[in-house]
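A.B. asks: One file is attached below, input.txt, containing compact mmCIF, C-alpha atoms.
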```txt
# COMPACT_ATOMS: atom_id res chain seq x y z
CA MET A 30 -47.84 -33.64 -56.57
CA LYS A 31 -50.35 -34.21 -53.79
CA TYR A 32 -53.36 -36.49 -53.61
CA SER A 33 -56.41 -36.60 -51.40
CA PHE A 34 -59.29 -39.01 -51.26
CA VAL A 35 -62.80 -38.81 -49.93
CA LEU A 36 -64.57 -41.57 -48.00
CA PHE A 37 -68.35 -41.63 -47.60
CA PHE A 38 -69.55 -43.75 -44.71
CA LEU A 39 -72.45 -46.08 -44.01
CA VAL A 40 -75.14 -44.68 -41.80
CA GLY A 41 -77.44 -47.33 -40.39
CA ASN A 42 -76.96 -50.87 -39.23
CA SER A 43 -74.43 -53.21 -40.83
CA VAL A 44 -76.16 -53.79 -44.16
CA ASP A 45 -75.62 -55.07 -47.66
CA LEU A 46 -74.54 -52.03 -49.64
CA PHE A 47 -75.97 -52.88 -53.01
CA ALA A 48 -78.45 -55.44 -54.27
CA GLN A 49 -80.36 -58.01 -52.29
CA ASN A 50 -78.29 -60.73 -50.71
CA LEU A 51 -79.81 -64.04 -51.78
CA VAL A 52 -78.26 -65.97 -48.88
CA PRO A 53 -80.65 -66.39 -45.94
CA ASN A 54 -79.31 -65.82 -42.43
CA SER A 55 -75.97 -64.93 -44.00
CA GLY A 56 -74.26 -64.13 -40.70
CA PHE A 57 -75.59 -67.14 -38.72
CA GLU A 58 -77.42 -64.80 -36.36
CA GLU A 59 -80.79 -66.59 -36.27
CA PHE A 60 -81.23 -69.97 -34.58
CA THR A 61 -83.83 -72.23 -33.04
CA ALA A 62 -81.66 -72.98 -30.01
CA CYS A 63 -78.65 -71.18 -28.57
CA PRO A 64 -75.54 -73.38 -28.94
CA GLY A 65 -74.03 -74.87 -25.80
CA GLY A 66 -70.88 -76.49 -27.20
CA HIS A 67 -69.58 -78.43 -30.19
CA THR A 68 -72.24 -80.42 -32.06
CA GLN A 69 -72.11 -84.22 -31.99
CA SER A 70 -74.69 -84.91 -34.71
CA PRO A 71 -75.92 -82.93 -37.76
CA ASN A 72 -79.32 -82.44 -36.10
CA GLU A 73 -77.73 -80.41 -33.31
CA PHE A 74 -76.76 -77.64 -35.75
CA ARG A 75 -79.78 -75.41 -35.16
CA VAL A 76 -79.05 -72.38 -37.32
CA LYS A 77 -82.07 -71.19 -39.29
CA ALA A 78 -81.89 -71.96 -43.05
CA TRP A 79 -78.57 -73.84 -42.73
CA SER A 80 -77.75 -77.54 -42.40
CA SER A 81 -74.81 -79.91 -42.59
CA GLY A 82 -75.31 -81.55 -45.99
CA SER A 83 -73.40 -84.64 -44.81
CA GLN A 84 -72.73 -86.62 -41.65
CA GLY A 85 -70.19 -83.98 -40.67
CA THR A 86 -71.15 -81.81 -37.71
CA PRO A 87 -70.60 -78.06 -38.27
CA ASP A 88 -70.78 -75.87 -35.20
CA HIS A 89 -72.54 -72.65 -34.30
CA PHE A 90 -71.00 -69.95 -32.11
CA HIS A 91 -72.94 -67.01 -30.69
CA THR A 92 -72.74 -64.46 -27.89
CA CYS A 93 -75.94 -65.95 -26.43
CA SER A 94 -74.03 -69.07 -25.37
CA VAL A 95 -72.88 -69.55 -21.79
CA GLY A 96 -70.95 -72.70 -22.71
CA GLU A 97 -68.15 -73.65 -25.08
CA ALA A 98 -69.90 -72.10 -28.10
CA ASP A 99 -69.59 -68.53 -26.88
CA VAL A 100 -68.28 -65.54 -28.86
CA PRO A 101 -65.51 -64.55 -28.57
CA HIS A 102 -64.26 -67.41 -26.31
CA ASN A 103 -65.18 -70.93 -27.42
CA TRP A 104 -63.82 -74.48 -27.61
CA ALA A 105 -62.11 -73.85 -30.99
CA GLY A 106 -60.42 -70.55 -30.17
CA VAL A 107 -60.99 -66.88 -29.47
CA SER A 108 -62.62 -64.67 -32.10
CA ASP A 109 -65.18 -61.93 -32.45
CA ALA A 110 -67.65 -62.32 -35.31
CA PHE A 111 -66.72 -60.58 -38.53
CA GLU A 112 -69.96 -58.71 -37.96
CA GLY A 113 -72.91 -59.26 -35.68
CA ASN A 114 -72.88 -61.80 -32.86
CA GLY A 115 -72.47 -65.20 -34.47
CA TYR A 116 -70.60 -67.39 -36.92
CA ALA A 117 -70.30 -71.04 -37.95
CA GLY A 118 -67.33 -73.39 -37.80
CA ILE A 119 -66.20 -76.37 -39.90
CA TYR A 120 -63.28 -78.76 -40.23
CA VAL A 121 -61.47 -77.97 -43.49
CA TRP A 122 -58.82 -80.64 -42.93
CA SER A 123 -58.93 -83.56 -40.52
CA ARG A 124 -58.74 -87.36 -40.35
CA ASP A 125 -61.09 -89.93 -38.89
CA ARG A 126 -59.94 -92.89 -36.78
CA MET A 127 -59.17 -94.89 -39.93
CA GLY A 128 -56.98 -92.14 -41.36
CA ASN A 129 -59.50 -91.09 -44.02
CA SER A 130 -60.26 -87.48 -44.91
CA TYR A 131 -62.91 -85.99 -42.64
CA ARG A 132 -64.89 -82.93 -43.80
CA GLU A 133 -67.70 -80.68 -42.62
CA TYR A 134 -69.89 -78.52 -44.85
CA LEU A 135 -72.43 -75.72 -44.56
CA HIS A 136 -75.49 -76.03 -46.80
CA THR A 137 -78.37 -73.62 -47.51
CA ARG A 138 -81.03 -72.84 -50.10
CA LEU A 139 -81.01 -69.39 -51.71
CA LEU A 140 -83.96 -67.04 -51.37
CA SER A 141 -84.55 -67.38 -55.12
CA PRO A 142 -82.97 -69.36 -58.00
CA LEU A 143 -80.33 -67.69 -60.13
CA ILE A 144 -81.35 -66.19 -63.49
CA PRO A 145 -79.73 -67.66 -66.65
CA ASP A 146 -76.77 -65.67 -68.03
CA SER A 147 -76.91 -63.18 -65.14
CA THR A 148 -73.73 -62.28 -63.27
CA TYR A 149 -73.55 -62.53 -59.50
CA SER A 150 -70.98 -61.50 -56.91
CA ILE A 151 -70.03 -64.18 -54.37
CA GLU A 152 -68.13 -63.71 -51.14
CA PHE A 153 -67.73 -65.03 -47.64
CA ARG A 154 -65.37 -64.55 -44.71
CA TYR A 155 -63.28 -67.35 -43.23
CA LYS A 156 -60.82 -67.46 -40.34
CA LEU A 157 -58.53 -70.15 -38.95
CA SER A 158 -59.49 -70.85 -35.35
CA SER A 159 -56.76 -69.94 -32.87
CA TYR A 160 -56.62 -73.47 -31.38
CA SER A 161 -56.10 -75.22 -34.74
CA MET A 162 -52.67 -76.80 -34.99
CA LEU A 163 -52.73 -76.82 -38.81
CA ALA A 164 -53.45 -74.18 -41.46
CA ALA A 165 -54.95 -75.35 -44.77
CA ASP A 166 -54.38 -73.83 -48.20
CA ARG A 167 -57.92 -74.02 -49.60
CA ILE A 168 -61.63 -73.52 -49.06
CA GLY A 169 -64.51 -73.20 -51.52
CA LEU A 170 -68.15 -72.53 -52.26
CA LEU A 171 -70.38 -74.56 -54.57
CA LEU A 172 -73.51 -73.29 -56.38
CA THR A 173 -75.81 -76.02 -57.61
CA ASP A 174 -79.37 -76.57 -58.83
CA SER A 175 -79.90 -79.64 -56.66
CA VAL A 176 -79.40 -80.63 -53.04
CA VAL A 177 -75.94 -82.02 -52.30
CA LYS A 178 -76.20 -84.68 -49.60
CA SER A 179 -73.90 -87.37 -48.31
CA SER A 180 -74.29 -90.14 -45.75
CA SER A 181 -70.56 -90.07 -44.95
CA PHE A 182 -67.92 -87.74 -43.50
CA ARG A 183 -65.86 -87.79 -46.71
CA PRO A 184 -65.10 -84.88 -49.09
CA PHE A 185 -67.71 -84.25 -51.78
CA HIS A 186 -65.11 -84.35 -54.59
CA ILE A 187 -67.00 -81.74 -56.63
CA VAL A 188 -65.23 -78.83 -58.30
CA PRO A 189 -66.52 -75.76 -56.40
CA THR A 190 -67.82 -72.63 -58.09
CA LEU A 191 -65.53 -70.41 -56.01
CA ASN A 192 -62.28 -72.05 -55.00
CA VAL A 193 -59.64 -70.31 -52.90
CA VAL A 194 -56.25 -72.03 -53.21
CA LYS A 195 -53.40 -70.07 -51.67
CA ASP A 196 -49.74 -70.38 -52.64
CA SER A 197 -48.91 -71.06 -49.01
CA SER A 198 -50.98 -72.64 -46.25
CA LEU A 199 -49.70 -70.01 -43.83
CA THR A 200 -49.76 -66.33 -44.82
CA ASN A 201 -49.62 -63.00 -42.98
CA LYS A 202 -53.44 -63.00 -42.95
CA THR A 203 -53.85 -66.47 -41.45
CA GLY A 204 -55.76 -66.10 -38.20
CA LEU A 205 -57.56 -62.97 -39.41
CA TRP A 206 -60.93 -62.77 -41.14
CA GLU A 207 -59.97 -63.47 -44.76
CA LEU A 208 -62.15 -62.77 -47.79
CA ALA A 209 -63.14 -65.29 -50.47
CA ARG A 210 -64.62 -63.40 -53.42
CA GLY A 211 -65.52 -64.02 -57.06
CA GLU A 212 -68.06 -63.49 -59.83
CA TYR A 213 -70.28 -66.14 -61.38
CA LYS A 214 -72.32 -66.23 -64.59
CA ALA A 215 -75.37 -68.34 -63.84
CA LYS A 216 -76.49 -71.26 -65.95
CA GLY A 217 -79.93 -70.73 -64.44
CA GLY A 218 -81.79 -72.51 -61.67
CA GLU A 219 -78.94 -72.71 -59.18
CA GLU A 220 -80.48 -72.36 -55.73
CA TYR A 221 -78.21 -74.15 -53.24
CA ILE A 222 -74.88 -73.17 -51.65
CA VAL A 223 -72.36 -75.51 -50.05
CA ILE A 224 -69.24 -74.18 -48.25
CA GLY A 225 -66.20 -76.23 -47.28
CA ASN A 226 -63.11 -77.98 -48.65
CA PHE A 227 -64.06 -80.20 -51.58
CA TYR A 228 -60.67 -81.91 -51.85
CA ALA A 229 -59.13 -84.89 -50.05
CA ASN A 230 -56.30 -84.57 -47.56
CA GLU A 231 -53.80 -85.69 -50.18
CA GLN A 232 -54.81 -82.76 -52.42
CA THR A 233 -54.82 -80.20 -49.61
CA LYS A 234 -51.62 -78.64 -48.33
CA CYS A 235 -51.41 -78.09 -44.59
CA TYR A 236 -48.83 -76.33 -42.47
CA PRO A 237 -48.18 -77.28 -38.83
CA ILE A 238 -48.17 -74.02 -36.87
CA LYS A 239 -44.90 -73.98 -34.97
CA PHE A 240 -44.70 -72.80 -31.37
CA ARG A 241 -48.49 -73.00 -30.93
CA SER A 242 -49.28 -74.87 -27.74
CA LEU A 243 -52.06 -77.45 -27.80
CA GLN A 244 -55.25 -75.99 -26.31
CA GLN A 245 -57.85 -78.36 -27.74
CA GLU A 246 -57.30 -82.08 -28.27
CA MET A 247 -59.89 -82.19 -31.06
CA LEU A 248 -57.72 -79.76 -33.05
CA ARG A 249 -54.38 -81.51 -32.50
CA ASP A 250 -54.25 -82.75 -36.11
CA ALA A 251 -56.83 -80.51 -37.75
CA SER A 252 -57.51 -77.26 -39.57
CA TYR A 253 -60.76 -75.70 -38.35
CA TYR A 254 -62.19 -72.48 -39.81
CA TYR A 255 -64.87 -70.05 -38.72
CA ILE A 256 -67.29 -68.85 -41.45
CA ASP A 257 -69.27 -65.58 -41.51
CA ASN A 258 -71.00 -63.03 -43.76
CA VAL A 259 -71.90 -65.18 -46.80
CA GLN A 260 -73.03 -62.98 -49.71
CA LEU A 261 -74.50 -63.73 -53.13
CA THR A 262 -75.77 -60.59 -54.85
CA PRO A 263 -76.80 -59.71 -58.42
CA LYS A 264 -74.16 -57.60 -60.11
CA TYR A 265 -76.73 -55.80 -62.26
CA LEU A 266 -79.38 -53.28 -61.28
CA PRO A 267 -82.96 -53.66 -62.58
CA ASP A 268 -82.36 -51.28 -65.52
CA GLY A 269 -79.43 -53.38 -66.75
CA THR A 270 -76.61 -51.18 -65.47
CA THR A 271 -73.97 -52.57 -63.18
CA LEU A 272 -73.04 -51.29 -59.77
CA ASP A 273 -69.70 -50.28 -61.26
CA ASP A 274 -71.59 -48.05 -63.70
CA LEU A 275 -72.78 -46.06 -60.69
CA ILE A 276 -69.47 -46.08 -58.91
CA PRO A 277 -66.64 -48.66 -59.14
CA GLU A 278 -65.30 -50.61 -56.21
CA PHE A 279 -62.13 -49.31 -54.58
CA SER A 280 -58.86 -51.16 -55.13
CA PRO A 281 -55.71 -49.40 -53.84
CA ASP A 282 -53.62 -50.53 -56.80
CA LYS A 283 -56.09 -49.35 -59.47
CA VAL A 284 -57.01 -45.83 -58.43
CA LYS A 285 -57.34 -42.92 -60.85
CA ILE A 286 -57.26 -39.27 -59.96
CA ASN A 287 -60.67 -37.61 -59.46
CA THR A 288 -62.56 -40.91 -59.65
CA HIS A 289 -64.95 -42.04 -56.92
CA TYR A 290 -64.71 -45.62 -55.66
CA VAL A 291 -66.70 -47.68 -53.16
CA LEU A 292 -65.24 -48.97 -49.90
CA ARG A 293 -67.43 -51.87 -48.95
CA ASN A 294 -66.53 -52.87 -45.43
CA ILE A 295 -66.66 -49.75 -43.27
CA ARG A 296 -69.26 -50.54 -40.62
CA PHE A 297 -70.47 -49.16 -37.31
CA GLU A 298 -72.49 -50.42 -34.39
CA PHE A 299 -76.21 -49.90 -34.84
CA ASP A 300 -77.28 -46.28 -34.39
CA SER A 301 -73.75 -45.42 -33.27
CA TYR A 302 -70.50 -44.02 -34.59
CA LYS A 303 -68.35 -46.75 -32.97
CA LEU A 304 -66.42 -48.61 -35.66
CA LEU A 305 -66.86 -52.38 -35.90
CA SER A 306 -63.62 -54.37 -36.02
CA SER A 307 -64.60 -55.62 -39.48
CA SER A 308 -63.83 -52.08 -40.72
CA PHE A 309 -60.18 -52.22 -39.74
CA GLU A 310 -58.91 -54.22 -42.72
CA GLU A 311 -59.98 -51.66 -45.32
CA LEU A 312 -59.03 -48.70 -43.16
CA ASP A 313 -55.60 -50.31 -42.82
CA ASP A 314 -55.41 -50.32 -46.63
CA VAL A 315 -55.98 -46.57 -46.45
CA VAL A 316 -53.28 -46.24 -43.80
CA ASN A 317 -50.80 -48.25 -45.87
CA TYR A 318 -51.45 -46.09 -48.91
CA LEU A 319 -50.92 -42.91 -46.91
CA MET A 320 -47.70 -44.30 -45.48
CA LYS A 321 -46.41 -45.00 -48.97
CA ASN A 322 -47.51 -41.54 -50.17
CA PRO A 323 -46.44 -39.12 -47.42
CA HIS A 324 -47.61 -36.03 -49.32
CA THR A 325 -51.16 -37.37 -49.65
CA ARG A 326 -54.02 -35.80 -47.70
CA VAL A 327 -57.34 -37.48 -46.95
CA GLU A 328 -60.88 -36.17 -46.54
CA LEU A 329 -63.50 -38.28 -44.75
CA ALA A 330 -67.23 -37.76 -45.17
CA GLY A 331 -70.51 -39.58 -44.56
CA HIS A 332 -73.69 -40.22 -46.61
CA THR A 333 -77.03 -41.69 -45.53
CA ASP A 334 -80.23 -42.80 -47.24
CA ASP A 335 -83.46 -40.77 -47.18
CA VAL A 336 -84.86 -42.28 -43.97
CA GLY A 337 -84.83 -40.25 -40.77
CA ASN A 338 -84.49 -36.68 -39.59
CA ASP A 339 -82.19 -34.43 -41.65
CA ARG A 340 -80.37 -33.05 -38.63
CA TYR A 341 -79.90 -36.44 -36.99
CA ASN A 342 -78.49 -38.00 -40.16
CA LEU A 343 -76.16 -35.08 -40.68
CA VAL A 344 -74.74 -35.28 -37.14
CA LEU A 345 -74.39 -39.06 -37.24
CA SER A 346 -72.60 -38.96 -40.60
CA ARG A 347 -70.15 -36.35 -39.27
CA ASN A 348 -69.43 -38.36 -36.14
CA ARG A 349 -68.82 -41.53 -38.13
CA ALA A 350 -66.40 -39.74 -40.42
CA ARG A 351 -64.59 -38.42 -37.34
CA SER A 352 -64.36 -41.96 -35.94
CA ALA A 353 -62.69 -43.13 -39.13
CA ALA A 354 -60.35 -40.13 -39.03
CA ARG A 355 -59.45 -40.97 -35.44
CA TYR A 356 -58.60 -44.54 -36.47
CA LEU A 357 -56.19 -43.24 -39.09
CA THR A 358 -54.43 -41.01 -36.57
CA LEU A 359 -54.16 -43.88 -34.09
CA ARG A 360 -52.47 -45.88 -36.84
CA GLY A 361 -49.84 -43.19 -37.29
CA ILE A 362 -51.27 -40.77 -39.88
CA GLU A 363 -50.71 -37.11 -38.98
CA ALA A 364 -53.90 -35.30 -38.00
CA ASP A 365 -53.09 -32.33 -40.24
CA ARG A 366 -53.35 -34.65 -43.28
CA ILE A 367 -56.97 -35.56 -42.46
CA GLU A 368 -60.27 -33.68 -42.76
CA SER A 369 -63.73 -35.05 -41.97
CA PHE A 370 -67.19 -34.05 -43.21
CA GLY A 371 -70.77 -35.28 -43.08
CA TYR A 372 -73.45 -34.85 -45.77
CA GLY A 373 -76.33 -36.79 -44.29
CA LYS A 374 -78.84 -37.70 -47.00
CA SER A 375 -78.25 -34.69 -49.27
CA ARG A 376 -76.29 -36.51 -52.02
CA PRO A 377 -77.95 -39.82 -52.99
CA LEU A 378 -76.62 -41.85 -55.92
CA LEU A 379 -80.17 -42.96 -56.75
CA LYS A 380 -83.29 -40.84 -56.33
CA ALA A 381 -85.62 -43.82 -55.79
CA THR A 382 -86.93 -44.59 -52.30
CA THR A 383 -86.94 -48.38 -52.61
CA GLU A 384 -84.94 -50.46 -50.12
CA GLU A 385 -82.51 -51.42 -52.88
CA ALA A 386 -81.88 -47.74 -53.69
CA ARG A 387 -81.41 -46.97 -50.01
CA LYS A 388 -78.82 -49.72 -49.67
CA ILE A 389 -76.88 -48.17 -52.55
CA ASN A 390 -77.14 -44.66 -51.10
CA ARG A 391 -75.78 -45.89 -47.74
CA ARG A 392 -72.27 -46.09 -49.05
CA VAL A 393 -68.55 -45.72 -48.54
CA GLU A 394 -66.61 -43.99 -51.29
CA ILE A 395 -63.02 -43.00 -51.93
CA ARG A 396 -61.71 -40.36 -54.38
CA PHE A 397 -58.19 -39.25 -55.26
CA SER A 398 -57.49 -35.71 -56.41
CA ASN A 399 -54.51 -33.42 -56.97
CA ARG A 400 -53.90 -30.58 -54.54
```
What is this structure when it is put down as structure tokens?
C.D. replies:
Amino acid sequence: MKYSFVLFFLVGNSVDLFAQNLVPNSGFEEFTACPGGHTQSPNEFRVKAWSSGSQGTPDHFHTCSVGEADVPHNWAGVSDAFEGNGYAGIYVWSRDRMGNSYREYLHTRLLSPLIPDSTYSIEFRYKLSSYSMLAADRIGLLLTDSVVKSSSFRPFHIVPTLNVVKDSSLTNKTGLWELARGEYKAKGGEEYIVIGNFYANEQTKCYPIKFRSLQQEMLRDASYYYIDNVQLTPKYLPDGTTLDDLIPEFSPDKVKINTHYVLRNIRFEFDSYKLLSSSFEELDDVVNYLMKNPHTRVELAGHTDDVGNDRYNLVLSRNRARSAARYLTLRGIEADRIESFGYGKSRPLLKATTEEARKINRRVEIRFSNR
């Protein structure tokens, strides 16, 4: 028995695939002043729409910086952004001079309040900085209808809406961009997000990273994480259907033959067919599946929205599919198991020409079939 699956790739800039993201400046790309180094007061965090929420001092990192807040090289470590050119950074575990728990938080107001009894998808990316000497086991996100403020550096001690608690502080993904994801049924009126660790040091497990040499004194006894790509999107379309009604999200352990699925994180540089590094995680899932199923073949193809010249979209979609195919071969998949195609804008999921429909039509899909 043989299987093949089809991937349909994003054509356009790195975009939200589905409904409107309610988080402003979700990738920390916009700012009022380019960062020069680590912040020493909450007022120095000059990212548009975001603030500290406490006396903690979150940091901003961006490629515009010529100091210690650069991307990829900065005072806390070395890391490209998950996507774009910037990200934020916070202490998830640390102690002040008195030995008390020290925390930093990221706080923003949503573009619009949540609708009662509506379901929303929540996600953000987090990554342990490479100069941190400790890895923590938890991080969370709080949705609330009121501003959460504190005049101290202490944990908020509020149960977060989305709480990631890992079995082990150190896993095989520690040091990579990890994904926090969940769904939330709104009470109604929630319009603020807070990101950080809401638990005291005594409630948070930490693992000292062995054989890591000290690079940054401020991270000697600390767990510091980068944050990027914060998303809060309605799960339902305007007519009441869900995104899964159109096409379900891909999960390698839940596939069915001849069923299309969405791959969400295949991205390219703007107006280019060069893969962004944020695509590698999901493409590696494809590679791992193919390794486990040596008789499986794969077809790669691209789809665009209705904007732009037919010929241009067709060529770009083909080239992007070929880039993904090339990645698979570089990871050890035989070239004769891979085919690539491009369909441009000829096969939209939705016929509408609204921006929301276009975001859905710019998609990545995967389908298994017998051969």
A.B. asks: Quick one: everything within 7 Å of range 251-261 of chain A, counting only C-alpha atoms, minus sequence neighbours fewer than 5 positions away in the same chain. Send it as a PyMOL selection string.
C.D. replies: chain A and resi 50-52+55-56+111+116-123+149-158+161-165
A.B. asks: Excluding Ala229 in chain A and its own-chain neighbours fewer than 3 positions away, which residues fall within 7 Å of it when counting all atoms listed in the file? Please give them as a compact mmCIF listing (two decimals) with C-alpha atoms, in the coordinates of the input.
C.D. replies:
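Below is the file out-v6.txt, written as the result:
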```txt
# COMPACT_ATOMS: atom_id res chain seq x y z
CA SER A 130 -60.26 -87.48 -44.91
CA PRO A 184 -65.10 -84.88 -49.09
CA GLN A 232 -54.81 -82.76 -52.42
CA THR A 233 -54.82 -80.20 -49.61
```
A.B. asks: With distances taken over all atoms listed in the file, which of A:Ser197, A:Thr92, A:Gln84, A:Thr382 is nearest to Arg167 in chain A?
C.D. replies: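 Between A:Ser197, A:Thr92, A:Gln84, A:Thr382, the residue approaching Arg167 in chain A most closely is A:Ser197.
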A.B. asks: For His102 in chain A, which residue among A:Leu140, A:Tyr290, A:Val344, A:Gly66 is the nearest when counting only C-alpha atoms?
C.D. replies: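 Ranked by minimum distance to His102 in chain A, first place goes to A:Gly66.
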A.B. asks: So what do you get for CA of Arg349 in chain A versus CA of Ser301 in chain A, distance-wise?
C.D. replies: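 So the two atoms, CA of Arg349 in chain A and CA of Ser301 in chain A, lie 7.9 Å apart.
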A.B. asks: Find the residues around Ser369 in chain A up to 8 Å (all atoms listed in the file counted), leave out those fewer than 3 positions away in its own chain, and share them as number ranges by chain.
C.D. replies: A: 328-330, 347, 350-351, 354
A.B. asks: Find, counting only C-alpha atoms, the residue in A:Val284, A:Gly217, A:Gly361, A:Asn294 that gets nearest to Met320 in chain A.
C.D. replies: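 Comparing A:Val284, A:Gly217, A:Gly361, A:Asn294 against Met320 in chain A, the winner is A:Gly361.
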A.B. asks: Hey, can you pull every residue with an atom no more than 12 Å from (-75.2, -74.1, -66.1), using only C-alpha atoms, and send it as a PDB file with C-alpha atoms, in the coordinates of the input?
C.D. replies:
```
ATOM      1  CA  LEU A 143     -80.330 -67.690 -60.130  1.00  0.00           C
ATOM      2  CA  ILE A 144     -81.350 -66.190 -63.490  1.00  0.00           C
ATOM      3  CA  PRO A 145     -79.730 -67.660 -66.650  1.00  0.00           C
ATOM      4  CA  ASP A 146     -76.770 -65.670 -68.030  1.00  0.00           C
ATOM      5  CA  SER A 147     -76.910 -63.180 -65.140  1.00  0.00           C
ATOM      6  CA  LEU A 172     -73.510 -73.290 -56.380  1.00  0.00           C
ATOM      7  CA  THR A 173     -75.810 -76.020 -57.610  1.00  0.00           C
ATOM      8  CA  ASP A 174     -79.370 -76.570 -58.830  1.00  0.00           C
ATOM      9  CA  SER A 175     -79.900 -79.640 -56.660  1.00  0.00           C
ATOM     10  CA  THR A 190     -67.820 -72.630 -58.090  1.00  0.00           C
ATOM     11  CA  TYR A 213     -70.280 -66.140 -61.380  1.00  0.00           C
ATOM     12  CA  LYS A 214     -72.320 -66.230 -64.590  1.00  0.00           C
ATOM     13  CA  ALA A 215     -75.370 -68.340 -63.840  1.00  0.00           C
ATOM     14  CA  LYS A 216     -76.490 -71.260 -65.950  1.00  0.00           C
ATOM     15  CA  GLY A 217     -79.930 -70.730 -64.440  1.00  0.00           C
ATOM     16  CA  GLY A 218     -81.790 -72.510 -61.670  1.00  0.00           C
ATOM     17  CA  GLU A 219     -78.940 -72.710 -59.180  1.00  0.00           C
ATOM     18  CA  GLU A 220     -80.480 -72.360 -55.730  1.00  0.00           C
TER      19      GLU A 220
END
```
A.B. asks: When you draw a straight line from CA of His89 in chain A to CA of His186 in chain A, how long is it in Å?
C.D. replies: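 So the two atoms, CA of His89 in chain A and CA of His186 in chain A, lie 24.6 Å apart.
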A.B. asks: What separation in Å, quoted to one decimal, exists between CA of Asp196 in chain A and CA of Leu248 in chain A?
C.D. replies: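 Straight-line distance from CA of Asp196 in chain A to CA of Leu248 in chain A works out to 23.1 Å.
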A.B. asks: Excluding same-chain residues fewer than 6 positions from Arg376 in chain A, what lies within 10 Å of it counting all atoms listed in the file, as a list in words?
C.D. replies: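 The residues satisfying every condition are Gly331, His332, Thr333, Asp334, Asp335 and Asn390 of chain A.
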A.B. asks: Would you mind telling me which residue in A:Thr86, A:Thr325, A:Thr137, A:Ser159 lies nearest to Arg249 in chain A when using all atoms listed in the file?
C.D. replies: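 Smallest separation from Arg249 in chain A among the options: A:Ser159.
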